[in-house]
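Q: Please read through the structure below; I'll follow up with questions.
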Amino acid sequence: MRHLLSTEGLDLATATSLLDTADTLKQTLLGREVRKLPTLRGRTVVTLFYENSTRTRVSFEVAGKWMSADVINVSASSSSVGKGESLRDTALTLAAAGADCVIIRHPASGAAHRLAGWLDEAGTHVVNAGDGMHEHPTQALLDAATLRERLGELAGRRIAIVGDLLHSRVARSNVHLLRTLGAEVVLVAPPTLVPTGAQHWGVEVRHELDPELPKLDAVMMLRVQAERMHGAFFPSAREYSVAYGLNQARLDKLPEHAVVLHPGPMLRGMEIAPAVADSPRAAITQQVRNGVHVRMAVLYHLLAGEEIAA
Ligand code: ASP
């Protein structure tokens, strides 16, 4: 694997191997007082974020540091991007300064692919940490890692992705990966928030949540991405919440074993009720924890490629 840009096209063997490596790393570090492996000593990892982030940026930084890489964080607001420098010039500057891997978040769909094209020659690896409404592959991998821990193998499991599908890179990456892992995916959203052509993604599309709940092994709630909305996609937050919010009554309709996921940040009271978010059925902090191990696995596959040195 040269770059990780999307889960579309990520084959079953590579996806499984990334998830298995994440699990091995998690077991290796479990209960250790000093969480530090020497695997990426001497390698330089740069996070380049043009959009806000808490979980993704921090967990990539922790992942790199736990593997002894030198991690440098660049944010658009505090770099020469603020002076008008182009993405290409910024990327070439980072490569020239010695970056072995650039982890990019950008509001434009396709930005990570462009970056990979420019950095190929320099031998710098690129990881997509979210490009516009397109993909967020490490989020889908950490979701799959969490679902595997809670449910075992995902083949034949039925998973609903609910909410603002139209603007969600998390939904797109999850559809591809979950299908590759053999799960059945059902998308639930108001018609205005279903992307054109979703019917051809090999998933079921539904507009009502309640009838789906008793059949699910997991439900993934999505944030309403107000920052990407130019127009009214539903009448009001209250009506959205009544129709699509995961409240206690809906939680009770899920089978006992079913897992609740949310990529964060959560809008408590809108797509998810506080009591549901904090219930033991929700795996939201487990997702964040697994995010570190999955991102370690990605860096390991890109930058090391030898045995995991304990
Ligand atoms: N954190 C996720 C993303 O960056 C989900 C979200 O922002 O709603 O796509």
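A note on labels: chains of the structure tokens are A, B, ... as shown, every chain counts residues from 1, and ligands are counted from 1 in their shown order.
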Just want the 10 Å neighbourhood of Ala226 (chain A), counted on only C-alpha atoms, with same-chain residues fewer than 5 positions away dropped. Output as a list in words.

A: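 Result of the neighbour search: Asp164, His167, Gly231, Ala232 and Phe233 of chain A.
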
Q: Please write the residues from the selection above to a file, keeping all heavy atoms, as a PDB file, in the first residue's frame.

A:
ATOM      1  N   ASP A 164     -27.460  12.439   7.779  1.00  0.00           N
ATOM      2  CA  ASP A 164     -27.020  13.294   6.677  1.00  0.00           C
ATOM      3  C   ASP A 164     -26.027  12.562   5.775  1.00  0.00           C
ATOM      4  O   ASP A 164     -24.819  12.822   5.792  1.00  0.00           O
ATOM      5  CB  ASP A 164     -26.392  14.575   7.264  1.00  0.00           C
ATOM      6  CG  ASP A 164     -26.012  15.572   6.190  1.00  0.00           C
ATOM      7  OD1 ASP A 164     -26.243  15.284   4.997  1.00  0.00           O
ATOM      8  OD2 ASP A 164     -25.471  16.635   6.543  1.00  0.00           O
ATOM      9  N   HIS A 167     -23.902  14.700   2.834  1.00  0.00           N
ATOM     10  CA  HIS A 167     -22.669  15.456   3.072  1.00  0.00           C
ATOM     11  C   HIS A 167     -21.605  14.629   3.803  1.00  0.00           C
ATOM     12  O   HIS A 167     -20.599  15.180   4.241  1.00  0.00           O
ATOM     13  CB  HIS A 167     -22.988  16.708   3.898  1.00  0.00           C
ATOM     14  CG  HIS A 167     -24.003  17.602   3.243  1.00  0.00           C
ATOM     15  ND1 HIS A 167     -25.316  17.640   3.609  1.00  0.00           N
ATOM     16  CD2 HIS A 167     -23.875  18.458   2.201  1.00  0.00           C
ATOM     17  CE1 HIS A 167     -25.976  18.493   2.841  1.00  0.00           C
ATOM     18  NE2 HIS A 167     -25.121  19.007   1.976  1.00  0.00           N
ATOM     19  N   GLY A 231     -28.803  25.783   2.114  1.00  0.00           N
ATOM     20  CA  GLY A 231     -30.230  25.617   1.831  1.00  0.00           C
ATOM     21  C   GLY A 231     -30.868  24.796   2.919  1.00  0.00           C
ATOM     22  O   GLY A 231     -30.190  24.301   3.811  1.00  0.00           O
ATOM     23  N   ALA A 232     -32.183  24.650   2.819  1.00  0.00           N
ATOM     24  CA  ALA A 232     -32.924  23.905   3.853  1.00  0.00           C
ATOM     25  C   ALA A 232     -33.137  22.471   3.370  1.00  0.00           C
ATOM     26  O   ALA A 232     -33.721  22.254   2.310  1.00  0.00           O
ATOM     27  CB  ALA A 232     -34.246  24.590   4.106  1.00  0.00           C
ATOM     28  N   PHE A 233     -32.633  21.517   4.145  1.00  0.00           N
ATOM     29  CA  PHE A 233     -32.766  20.112   3.759  1.00  0.00           C
ATOM     30  C   PHE A 233     -33.855  19.403   4.548  1.00  0.00           C
ATOM     31  O   PHE A 233     -34.258  18.309   4.226  1.00  0.00           O
ATOM     32  CB  PHE A 233     -31.422  19.395   3.925  1.00  0.00           C
ATOM     33  CG  PHE A 233     -30.423  19.790   2.885  1.00  0.00           C
ATOM     34  CD1 PHE A 233     -29.648  20.928   3.034  1.00  0.00           C
ATOM     35  CD2 PHE A 233     -30.275  19.032   1.720  1.00  0.00           C
ATOM     36  CE1 PHE A 233     -28.733  21.308   2.066  1.00  0.00           C
ATOM     37  CE2 PHE A 233     -29.372  19.404   0.738  1.00  0.00           C
ATOM     38  CZ  PHE A 233     -28.598  20.549   0.919  1.00  0.00           C
TER      39      PHE A 233
END

Q: Could you tell me, counting only C-alpha atoms and all ligand atoms, which protein and nucleic acid residues lie no more than 6 Å from ligand 1, written as a ChimeraX atom specification?

A: /A:130,169-170,223,263-265

Q: What does the distance between CA of Val126 (chain A) and CA of Thr180 (chain A) come to in Å, to one decimal place?

A: 22.3 Å

Q: Identify which of the residues A:Arg228, A:Met1, A:Val162, A:Ala275 lies closest to His207 (chain A), counting only C-alpha atoms when measuring atom-to-atom distances.

A: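 With only C-alpha atoms as the atom set, the closest residue is A:Val162.
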
Q: List the neighbours of Phe234 (chain A) out to 9 Å using only C-alpha atoms; skip same-chain residues closer than 2 positions along the sequence, and give me the result as an MDAnalysis selection string.

A: chainID A and resid 190 192:193 232 236:237 239:240

Q: Please, could you write that set of residues out with all heavy atoms as an mmCIF file, in the first residue's frame?

A:
data_model
loop_
_atom_site.group_PDB
_atom_site.id
_atom_site.type_symbol
_atom_site.label_atom_id
_atom_site.label_comp_id
_atom_site.auth_asym_id
_atom_site.auth_seq_id
_atom_site.Cartn_x
_atom_site.Cartn_y
_atom_site.Cartn_z
ATOM 1 N N PRO A 190 -33.894 11.300 5.229
ATOM 2 C CA PRO A 190 -34.947 11.929 4.429
ATOM 3 C C PRO A 190 -34.494 11.983 2.966
ATOM 4 O O PRO A 190 -33.281 12.042 2.714
ATOM 5 C CB PRO A 190 -35.061 13.337 5.031
ATOM 6 C CG PRO A 190 -33.832 13.555 5.831
ATOM 7 C CD PRO A 190 -33.289 12.216 6.203
ATOM 8 N N THR A 192 -34.169 14.223 0.895
ATOM 9 C CA THR A 192 -33.293 15.361 0.572
ATOM 10 C C THR A 192 -31.841 15.122 0.982
ATOM 11 O O THR A 192 -30.944 15.830 0.537
ATOM 12 C CB THR A 192 -33.775 16.626 1.315
ATOM 13 O OG1 THR A 192 -34.000 16.264 2.688
ATOM 14 C CG2 THR A 192 -35.013 17.212 0.699
ATOM 15 N N LEU A 193 -31.604 14.156 1.846
ATOM 16 C CA LEU A 193 -30.233 13.912 2.325
ATOM 17 C C LEU A 193 -29.657 12.591 1.813
ATOM 18 O O LEU A 193 -28.680 12.090 2.357
ATOM 19 C CB LEU A 193 -30.194 13.974 3.860
ATOM 20 C CG LEU A 193 -30.406 15.374 4.462
ATOM 21 C CD1 LEU A 193 -30.438 15.320 5.987
ATOM 22 C CD2 LEU A 193 -29.318 16.351 4.002
ATOM 23 N N ALA A 232 -32.183 24.650 2.819
ATOM 24 C CA ALA A 232 -32.924 23.905 3.853
ATOM 25 C C ALA A 232 -33.137 22.471 3.370
ATOM 26 O O ALA A 232 -33.721 22.254 2.310
ATOM 27 C CB ALA A 232 -34.246 24.590 4.106
ATOM 28 N N SER A 236 -37.093 21.553 10.256
ATOM 29 C CA SER A 236 -36.503 22.138 11.466
ATOM 30 C C SER A 236 -35.721 21.061 12.191
ATOM 31 O O SER A 236 -35.920 19.856 11.958
ATOM 32 C CB SER A 236 -37.595 22.671 12.397
ATOM 33 O OG SER A 236 -38.308 21.579 12.950
ATOM 34 N N ALA A 237 -34.824 21.501 13.073
ATOM 35 C CA ALA A 237 -34.014 20.543 13.836
ATOM 36 C C ALA A 237 -34.927 19.620 14.646
ATOM 37 O O ALA A 237 -34.685 18.427 14.769
ATOM 38 C CB ALA A 237 -33.080 21.303 14.763
ATOM 39 N N GLU A 239 -38.030 18.654 13.948
ATOM 40 C CA GLU A 239 -38.668 17.632 13.106
ATOM 41 C C GLU A 239 -37.671 16.555 12.668
ATOM 42 O O GLU A 239 -37.998 15.380 12.598
ATOM 43 C CB GLU A 239 -39.331 18.294 11.895
ATOM 44 C CG GLU A 239 -40.686 18.866 12.265
ATOM 45 C CD GLU A 239 -41.282 19.749 11.190
ATOM 46 O OE1 GLU A 239 -41.920 19.233 10.283
ATOM 47 O OE2 GLU A 239 -41.081 20.981 11.289
ATOM 48 N N TYR A 240 -36.437 16.990 12.401
ATOM 49 C CA TYR A 240 -35.401 16.020 12.045
ATOM 50 C C TYR A 240 -35.222 15.026 13.195
ATOM 51 O O TYR A 240 -35.185 13.812 13.010
ATOM 52 C CB TYR A 240 -34.074 16.735 11.746
ATOM 53 C CG TYR A 240 -32.955 15.780 11.416
ATOM 54 C CD1 TYR A 240 -32.725 15.393 10.100
ATOM 55 C CD2 TYR A 240 -32.149 15.231 12.433
ATOM 56 C CE1 TYR A 240 -31.719 14.474 9.798
ATOM 57 C CE2 TYR A 240 -31.152 14.329 12.136
ATOM 58 C CZ TYR A 240 -30.930 13.952 10.816
ATOM 59 O OH TYR A 240 -29.943 13.046 10.528
#

Q: Report as a PyMOL selection string: the residues of region 96-157 of chain A with a DSSP assignment of strand (DSSP E), based on the backbone of this structure.

A: chain A and resi 101-106+125-131

Q: With only C-alpha atoms as the atoms that count, which of A:Ala91, A:Ala116, A:Ala145, A:Ala111 lies nearest to Arg295 (chain A)?

A: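 Closest to Arg295 (chain A) of all the choices is A:Ala145.
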
Q: Counting only C-alpha atoms, which residues of region 217-275 of chain A fall within 12 Å of region 154-157 of chain A, and what is the closest atom pair for each with its distance in Å at one decimal, ordered by chain and rising number, as a Markdown table?

A:
| residue | atom | partner | partner_atom | distance |
| --- | --- | --- | --- | --- |
| A:Asp217 | CA | A:Arg157 | CA | 6.0 |
| A:Ala218 | CA | A:Arg157 | CA | 8.1 |
| A:Val219 | CA | A:Arg157 | CA | 11.1 |
| A:His257 | CA | A:Arg157 | CA | 11.7 |
| A:Ala258 | CA | A:Arg157 | CA | 10.2 |
| A:Val259 | CA | A:Arg157 | CA | 11.4 |

Q: Save out the residues we just selected, all heavy atoms, as a CSV table (one decimal), in the first residue's frame.

A:
chain,number,residue,atom,x,y,z
A,217,ASP,N,-28.0,-5.1,13.5
A,217,ASP,CA,-26.9,-5.5,14.4
A,217,ASP,C,-26.2,-4.3,14.9
A,217,ASP,O,-25.5,-4.3,15.9
A,217,ASP,CB,-25.9,-6.5,13.7
A,217,ASP,CG,-26.6,-7.8,13.3
A,217,ASP,OD1,-27.0,-8.5,14.2
A,217,ASP,OD2,-26.8,-8.0,12.1
A,218,ALA,N,-26.3,-3.2,14.1
A,218,ALA,CA,-25.6,-2.0,14.5
A,218,ALA,C,-26.3,-0.8,13.8
A,218,ALA,O,-26.8,-0.9,12.7
A,218,ALA,CB,-24.1,-2.0,14.1
A,219,VAL,N,-26.2,0.4,14.5
A,219,VAL,CA,-26.7,1.6,13.9
A,219,VAL,C,-25.7,2.7,14.0
A,219,VAL,O,-25.2,2.9,15.1
A,219,VAL,CB,-28.1,1.9,14.5
A,219,VAL,CG1,-28.1,2.1,16.0
A,219,VAL,CG2,-28.7,3.2,13.8
A,257,HIS,N,-28.3,-7.1,21.4
A,257,HIS,CA,-26.8,-7.1,21.1
A,257,HIS,C,-26.4,-5.9,20.2
A,257,HIS,O,-25.2,-5.7,20.0
A,257,HIS,CB,-26.5,-8.4,20.4
A,257,HIS,CG,-27.0,-8.5,19.0
A,257,HIS,ND1,-28.3,-9.0,18.7
A,257,HIS,CD2,-26.5,-8.1,17.8
A,257,HIS,CE1,-28.5,-8.9,17.4
A,257,HIS,NE2,-27.4,-8.4,16.8
A,258,ALA,N,-27.4,-5.2,19.7
A,258,ALA,CA,-27.1,-4.2,18.6
A,258,ALA,C,-26.2,-3.1,19.2
A,258,ALA,O,-26.4,-2.6,20.3
A,258,ALA,CB,-28.3,-3.7,18.0
A,259,VAL,N,-25.3,-2.6,18.4
A,259,VAL,CA,-24.3,-1.6,18.8
A,259,VAL,C,-24.7,-0.2,18.2
A,259,VAL,O,-25.1,-0.1,17.1
A,259,VAL,CB,-22.9,-1.9,18.3
A,259,VAL,CG1,-21.9,-1.0,18.9
A,259,VAL,CG2,-22.6,-3.4,18.5

Q: Using only C-alpha atoms for the distances, tell me which of A:Ser173, A:Ser78, A:Thr90, A:Thr285 is nearest to Leu261 (chain A).

A: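 Closest candidate: A:Thr285.
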
Q: Write out as a count of residues only which residues come within 12 Å of Leu115 (chain A) when counting only C-alpha atoms, dropping same-chain ones fewer than 3 positions away.

A: 36

Q: Which residue out of A:Thr146, A:Leu267, A:Thr196, A:Leu187 has the minimum interatomic distance to Leu19 (chain A) when only C-alpha atoms are used?

A: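 Looking at the shortest contact to Leu19 (chain A), the residue is A:Thr146.
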
Q: If you measure from CA of Leu142 (chain A) to CA of Val294 (chain A), what distance in Å do you get, rounded to one decimal?

A: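 According to the coordinates, CA of Leu142 (chain A) and CA of Val294 (chain A) are separated by 5.8 Å.
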
Q: I'd like the neighbourhood of Trp201 (chain A) as a list in words, where a residue qualifies if any of its atoms comes within 12 Å (using only C-alpha atoms), though same-chain residues fewer than 6 positions away should be ignored.

A: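 Near Trp201 (chain A), the qualifying residues are Glu8, Ala171, Arg172, Ser173, Asn174, Val175, His176, Leu177, Leu178, Arg179, Thr180, Glu184, Val185, Val186, Leu187, Val194 and Pro195 of chain A.
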
Q: Mind dumping the selected residues with N, CA and C atoms as a PDB file, in the first residue's frame?

A:
ATOM      1  N   GLU A   8     -12.930   2.804  -1.056  1.00  0.00           N
ATOM      2  CA  GLU A   8     -13.381   2.291  -2.347  1.00  0.00           C
ATOM      3  C   GLU A   8     -12.157   1.703  -3.024  1.00  0.00           C
ATOM      4  N   ALA A 171     -20.064   8.211   5.787  1.00  0.00           N
ATOM      5  CA  ALA A 171     -21.029   7.257   5.209  1.00  0.00           C
ATOM      6  C   ALA A 171     -20.435   6.589   3.970  1.00  0.00           C
ATOM      7  N   ARG A 172     -19.841   7.383   3.091  1.00  0.00           N
ATOM      8  CA  ARG A 172     -19.288   6.802   1.848  1.00  0.00           C
ATOM      9  C   ARG A 172     -18.201   5.773   2.158  1.00  0.00           C
ATOM     10  N   SER A 173     -17.274   6.142   3.042  1.00  0.00           N
ATOM     11  CA  SER A 173     -16.184   5.206   3.361  1.00  0.00           C
ATOM     12  C   SER A 173     -16.731   3.955   4.026  1.00  0.00           C
ATOM     13  N   ASN A 174     -17.747   4.124   4.869  1.00  0.00           N
ATOM     14  CA  ASN A 174     -18.318   2.954   5.540  1.00  0.00           C
ATOM     15  C   ASN A 174     -19.068   2.053   4.578  1.00  0.00           C
ATOM     16  N   VAL A 175     -19.803   2.638   3.645  1.00  0.00           N
ATOM     17  CA  VAL A 175     -20.530   1.799   2.672  1.00  0.00           C
ATOM     18  C   VAL A 175     -19.535   0.879   1.959  1.00  0.00           C
ATOM     19  N   HIS A 176     -18.446   1.453   1.456  1.00  0.00           N
ATOM     20  CA  HIS A 176     -17.480   0.638   0.696  1.00  0.00           C
ATOM     21  C   HIS A 176     -16.860  -0.443   1.583  1.00  0.00           C
ATOM     22  N   LEU A 177     -16.398  -0.047   2.752  1.00  0.00           N
ATOM     23  CA  LEU A 177     -15.671  -1.009   3.592  1.00  0.00           C
ATOM     24  C   LEU A 177     -16.610  -2.085   4.143  1.00  0.00           C
ATOM     25  N   LEU A 178     -17.768  -1.680   4.629  1.00  0.00           N
ATOM     26  CA  LEU A 178     -18.692  -2.673   5.205  1.00  0.00           C
ATOM     27  C   LEU A 178     -19.106  -3.684   4.144  1.00  0.00           C
ATOM     28  N   ARG A 179     -19.325  -3.223   2.932  1.00  0.00           N
ATOM     29  CA  ARG A 179     -19.707  -4.157   1.850  1.00  0.00           C
ATOM     30  C   ARG A 179     -18.537  -5.095   1.540  1.00  0.00           C
ATOM     31  N   THR A 180     -17.322  -4.561   1.512  1.00  0.00           N
ATOM     32  CA  THR A 180     -16.143  -5.412   1.267  1.00  0.00           C
ATOM     33  C   THR A 180     -16.033  -6.483   2.351  1.00  0.00           C
ATOM     34  N   GLU A 184     -24.378  -6.293   5.290  1.00  0.00           N
ATOM     35  CA  GLU A 184     -25.509  -5.694   4.551  1.00  0.00           C
ATOM     36  C   GLU A 184     -25.657  -4.283   5.074  1.00  0.00           C
ATOM     37  N   VAL A 185     -25.762  -3.306   4.168  1.00  0.00           N
ATOM     38  CA  VAL A 185     -25.862  -1.914   4.621  1.00  0.00           C
ATOM     39  C   VAL A 185     -27.217  -1.340   4.220  1.00  0.00           C
ATOM     40  N   VAL A 186     -27.873  -0.693   5.179  1.00  0.00           N
ATOM     41  CA  VAL A 186     -29.103   0.016   4.865  1.00  0.00           C
ATOM     42  C   VAL A 186     -28.902   1.486   5.220  1.00  0.00           C
ATOM     43  N   LEU A 187     -29.206   2.350   4.254  1.00  0.00           N
ATOM     44  CA  LEU A 187     -29.064   3.798   4.464  1.00  0.00           C
ATOM     45  C   LEU A 187     -30.432   4.366   4.799  1.00  0.00           C
ATOM     46  N   VAL A 194     -30.265  12.046   0.761  1.00  0.00           N
ATOM     47  CA  VAL A 194     -29.722  10.826   0.142  1.00  0.00           C
ATOM     48  C   VAL A 194     -28.952  11.237  -1.116  1.00  0.00           C
ATOM     49  N   PRO A 195     -27.682  10.851  -1.243  1.00  0.00           N
ATOM     50  CA  PRO A 195     -26.927  11.243  -2.435  1.00  0.00           C
ATOM     51  C   PRO A 195     -27.532  10.637  -3.707  1.00  0.00           C
TER      52      PRO A 195
END

Q: Counting only C-alpha atoms, which residue out of A:Asn290, A:Gln199, A:Pro107, A:Ala189 sits closest to Ser241 (chain A)?

A: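 Ranked by minimum distance to Ser241 (chain A), first place goes to A:Ala189.
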
Q: When DSSP is applied to the backbone of this structure, which of region 93-303 of chain A are assigned alpha helix (DSSP H)? Write them out as a PDB file with C-alpha atoms, in the first residue's frame.

A:
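Here's the written file result-v2.pdb:
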ATOM      1  CA  THR A  93       7.458  22.192   0.834  1.00  0.00           C
ATOM      2  CA  LEU A  94       6.544  19.523   3.399  1.00  0.00           C
ATOM      3  CA  ALA A  95       8.109  16.785   1.254  1.00  0.00           C
ATOM      4  CA  ALA A  96      11.278  18.842   0.740  1.00  0.00           C
ATOM      5  CA  ALA A 111      -7.753  16.894  -2.427  1.00  0.00           C
ATOM      6  CA  ALA A 112      -5.976  13.827  -1.000  1.00  0.00           C
ATOM      7  CA  HIS A 113      -5.789  12.212  -4.459  1.00  0.00           C
ATOM      8  CA  ARG A 114      -4.296  15.395  -5.920  1.00  0.00           C
ATOM      9  CA  LEU A 115      -1.733  15.504  -3.125  1.00  0.00           C
ATOM     10  CA  ALA A 116      -0.780  11.872  -3.691  1.00  0.00           C
ATOM     11  CA  GLY A 117      -0.166  12.637  -7.369  1.00  0.00           C
ATOM     12  CA  TRP A 118       2.163  15.538  -6.495  1.00  0.00           C
ATOM     13  CA  LEU A 119       4.037  13.642  -3.778  1.00  0.00           C
ATOM     14  CA  PRO A 137     -11.073   5.871   5.229  1.00  0.00           C
ATOM     15  CA  THR A 138      -9.515   5.643   8.706  1.00  0.00           C
ATOM     16  CA  GLN A 139     -12.906   6.465  10.251  1.00  0.00           C
ATOM     17  CA  ALA A 140     -14.458   3.496   8.425  1.00  0.00           C
ATOM     18  CA  LEU A 141     -11.564   1.264   9.520  1.00  0.00           C
ATOM     19  CA  LEU A 142     -11.959   2.259  13.179  1.00  0.00           C
ATOM     20  CA  ASP A 143     -15.709   1.718  12.923  1.00  0.00           C
ATOM     21  CA  ALA A 144     -15.091  -1.761  11.498  1.00  0.00           C
ATOM     22  CA  ALA A 145     -12.531  -2.511  14.232  1.00  0.00           C
ATOM     23  CA  THR A 146     -15.116  -1.522  16.870  1.00  0.00           C
ATOM     24  CA  LEU A 147     -17.878  -3.565  15.249  1.00  0.00           C
ATOM     25  CA  ARG A 148     -15.572  -6.607  15.031  1.00  0.00           C
ATOM     26  CA  GLU A 149     -14.819  -6.305  18.749  1.00  0.00           C
ATOM     27  CA  ARG A 150     -18.506  -6.055  19.638  1.00  0.00           C
ATOM     28  CA  LEU A 151     -20.054  -8.422  17.089  1.00  0.00           C
ATOM     29  CA  ARG A 169     -17.576  11.217   3.900  1.00  0.00           C
ATOM     30  CA  VAL A 170     -17.967   8.832   6.852  1.00  0.00           C
ATOM     31  CA  ALA A 171     -21.029   7.257   5.209  1.00  0.00           C
ATOM     32  CA  ARG A 172     -19.288   6.802   1.848  1.00  0.00           C
ATOM     33  CA  SER A 173     -16.184   5.206   3.361  1.00  0.00           C
ATOM     34  CA  ASN A 174     -18.318   2.954   5.540  1.00  0.00           C
ATOM     35  CA  VAL A 175     -20.530   1.799   2.672  1.00  0.00           C
ATOM     36  CA  HIS A 176     -17.480   0.638   0.696  1.00  0.00           C
ATOM     37  CA  LEU A 177     -15.671  -1.009   3.592  1.00  0.00           C
ATOM     38  CA  LEU A 178     -18.692  -2.673   5.205  1.00  0.00           C
ATOM     39  CA  ARG A 179     -19.707  -4.157   1.850  1.00  0.00           C
ATOM     40  CA  THR A 180     -16.143  -5.412   1.267  1.00  0.00           C
ATOM     41  CA  ALA A 237     -34.014  20.543  13.836  1.00  0.00           C
ATOM     42  CA  ARG A 238     -36.911  19.399  15.985  1.00  0.00           C
ATOM     43  CA  GLU A 239     -38.668  17.632  13.106  1.00  0.00           C
ATOM     44  CA  TYR A 240     -35.401  16.020  12.045  1.00  0.00           C
ATOM     45  CA  SER A 241     -34.880  14.767  15.561  1.00  0.00           C
ATOM     46  CA  VAL A 242     -38.428  13.404  15.852  1.00  0.00           C
ATOM     47  CA  ALA A 243     -38.085  11.437  12.601  1.00  0.00           C
ATOM     48  CA  TYR A 244     -34.415  10.372  12.717  1.00  0.00           C
ATOM     49  CA  GLN A 248     -34.429   5.852  24.285  1.00  0.00           C
ATOM     50  CA  ALA A 249     -37.669   4.506  22.735  1.00  0.00           C
ATOM     51  CA  ARG A 250     -35.799   3.710  19.509  1.00  0.00           C
ATOM     52  CA  LEU A 251     -32.865   2.202  21.407  1.00  0.00           C
ATOM     53  CA  ASP A 252     -35.369  -0.160  23.054  1.00  0.00           C
ATOM     54  CA  LYS A 253     -36.513  -1.337  19.614  1.00  0.00           C
ATOM     55  CA  PRO A 274     -27.725  12.155  25.601  1.00  0.00           C
ATOM     56  CA  ALA A 275     -28.946   9.026  27.436  1.00  0.00           C
ATOM     57  CA  VAL A 276     -28.350   6.913  24.305  1.00  0.00           C
ATOM     58  CA  ALA A 277     -24.904   8.390  23.669  1.00  0.00           C
ATOM     59  CA  ILE A 284     -18.489   5.943  20.938  1.00  0.00           C
ATOM     60  CA  THR A 285     -15.446   6.162  23.205  1.00  0.00           C
ATOM     61  CA  GLN A 286     -14.389   2.665  22.095  1.00  0.00           C
ATOM     62  CA  GLN A 287     -14.417   4.022  18.522  1.00  0.00           C
ATOM     63  CA  VAL A 288     -12.056   6.822  19.546  1.00  0.00           C
ATOM     64  CA  ARG A 289      -9.717   4.394  21.348  1.00  0.00           C
ATOM     65  CA  ASN A 290      -9.674   2.084  18.343  1.00  0.00           C
ATOM     66  CA  GLY A 291      -8.965   5.090  16.157  1.00  0.00           C
ATOM     67  CA  VAL A 292      -5.493   5.313  17.657  1.00  0.00           C
ATOM     68  CA  HIS A 293      -4.690   1.639  16.972  1.00  0.00           C
ATOM     69  CA  VAL A 294      -6.150   1.718  13.468  1.00  0.00           C
ATOM     70  CA  ARG A 295      -4.103   4.816  12.629  1.00  0.00           C
ATOM     71  CA  MET A 296      -0.998   3.147  14.068  1.00  0.00           C
ATOM     72  CA  ALA A 297      -1.729   0.201  11.769  1.00  0.00           C
ATOM     73  CA  VAL A 298      -2.072   2.478   8.748  1.00  0.00           C
ATOM     74  CA  LEU A 299       1.233   4.249   9.497  1.00  0.00           C
ATOM     75  CA  TYR A 300       2.852   0.884  10.099  1.00  0.00           C
ATOM     76  CA  HIS A 301       1.659  -0.534   6.756  1.00  0.00           C
ATOM     77  CA  LEU A 302       2.783   2.576   4.894  1.00  0.00           C
ATOM     78  CA  LEU A 303       6.071   3.303   6.613  1.00  0.00           C
TER      79      LEU A 303
END

Q: Enter the distance from CA of Met220 (chain A) to CA of Ala160 (chain A), in Å, rounded to one decimal.

A: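 Atom-to-atom, CA of Met220 (chain A) to CA of Ala160 (chain A), that is 6.1 Å.
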
Q: So that I can see what lies close to region 41-43 of chain A, please list as a PDB file with all heavy atoms, in the first residue's frame the residues with an atom at most 7 Å from it, counting only C-alpha atoms and leaving out residues fewer than 3 positions away in the same chain.

A:
ATOM      1  N   PRO A  38       9.297   1.207  19.093  1.00  0.00           N
ATOM      2  CA  PRO A  38      10.334   1.927  18.335  1.00  0.00           C
ATOM      3  C   PRO A  38      10.137   1.888  16.815  1.00  0.00           C
ATOM      4  O   PRO A  38      10.933   2.441  16.071  1.00  0.00           O
ATOM      5  CB  PRO A  38      11.607   1.141  18.715  1.00  0.00           C
ATOM      6  CG  PRO A  38      11.123  -0.234  19.008  1.00  0.00           C
ATOM      7  CD  PRO A  38       9.738  -0.123  19.541  1.00  0.00           C
ATOM      8  N   SER A  68       6.920   6.111  17.920  1.00  0.00           N
ATOM      9  CA  SER A  68       8.199   6.828  17.955  1.00  0.00           C
ATOM     10  C   SER A  68       8.505   7.649  16.706  1.00  0.00           C
ATOM     11  O   SER A  68       9.667   8.019  16.471  1.00  0.00           O
ATOM     12  CB  SER A  68       9.372   5.870  18.222  1.00  0.00           C
ATOM     13  OG  SER A  68       9.160   5.155  19.401  1.00  0.00           O
ATOM     14  N   ALA A  69       7.499   7.933  15.886  1.00  0.00           N
ATOM     15  CA  ALA A  69       7.730   8.826  14.738  1.00  0.00           C
ATOM     16  C   ALA A  69       7.810  10.256  15.261  1.00  0.00           C
ATOM     17  O   ALA A  69       7.304  10.572  16.347  1.00  0.00           O
ATOM     18  CB  ALA A  69       6.582   8.706  13.741  1.00  0.00           C
ATOM     19  N   ASP A  70       8.456  11.133  14.483  1.00  0.00           N
ATOM     20  CA  ASP A  70       8.401  12.568  14.792  1.00  0.00           C
ATOM     21  C   ASP A  70       7.150  13.097  14.119  1.00  0.00           C
ATOM     22  O   ASP A  70       7.001  12.963  12.903  1.00  0.00           O
ATOM     23  CB  ASP A  70       9.649  13.267  14.248  1.00  0.00           C
ATOM     24  CG  ASP A  70      10.900  12.763  14.963  1.00  0.00           C
ATOM     25  OD1 ASP A  70      10.889  12.768  16.208  1.00  0.00           O
ATOM     26  OD2 ASP A  70      11.846  12.327  14.282  1.00  0.00           O
ATOM     27  N   ASP A 100       7.903  12.027   5.591  1.00  0.00           N
ATOM     28  CA  ASP A 100       7.755  10.691   4.999  1.00  0.00           C
ATOM     29  C   ASP A 100       6.290  10.404   4.712  1.00  0.00           C
ATOM     30  O   ASP A 100       5.958   9.570   3.872  1.00  0.00           O
ATOM     31  CB  ASP A 100       8.287   9.618   5.963  1.00  0.00           C
ATOM     32  CG  ASP A 100       9.789   9.754   6.162  1.00  0.00           C
ATOM     33  OD1 ASP A 100      10.512   9.651   5.153  1.00  0.00           O
ATOM     34  OD2 ASP A 100      10.234   9.992   7.306  1.00  0.00           O
TER      35      ASP A 100
END

Q: Using only C-alpha atoms, find the one residue out of A:Ser168, A:Ser53, A:Thr24, A:Thr44 that sits nearest to Met229 (chain A).

A: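 Of all the options, A:Ser168 lies closest to Met229 (chain A).
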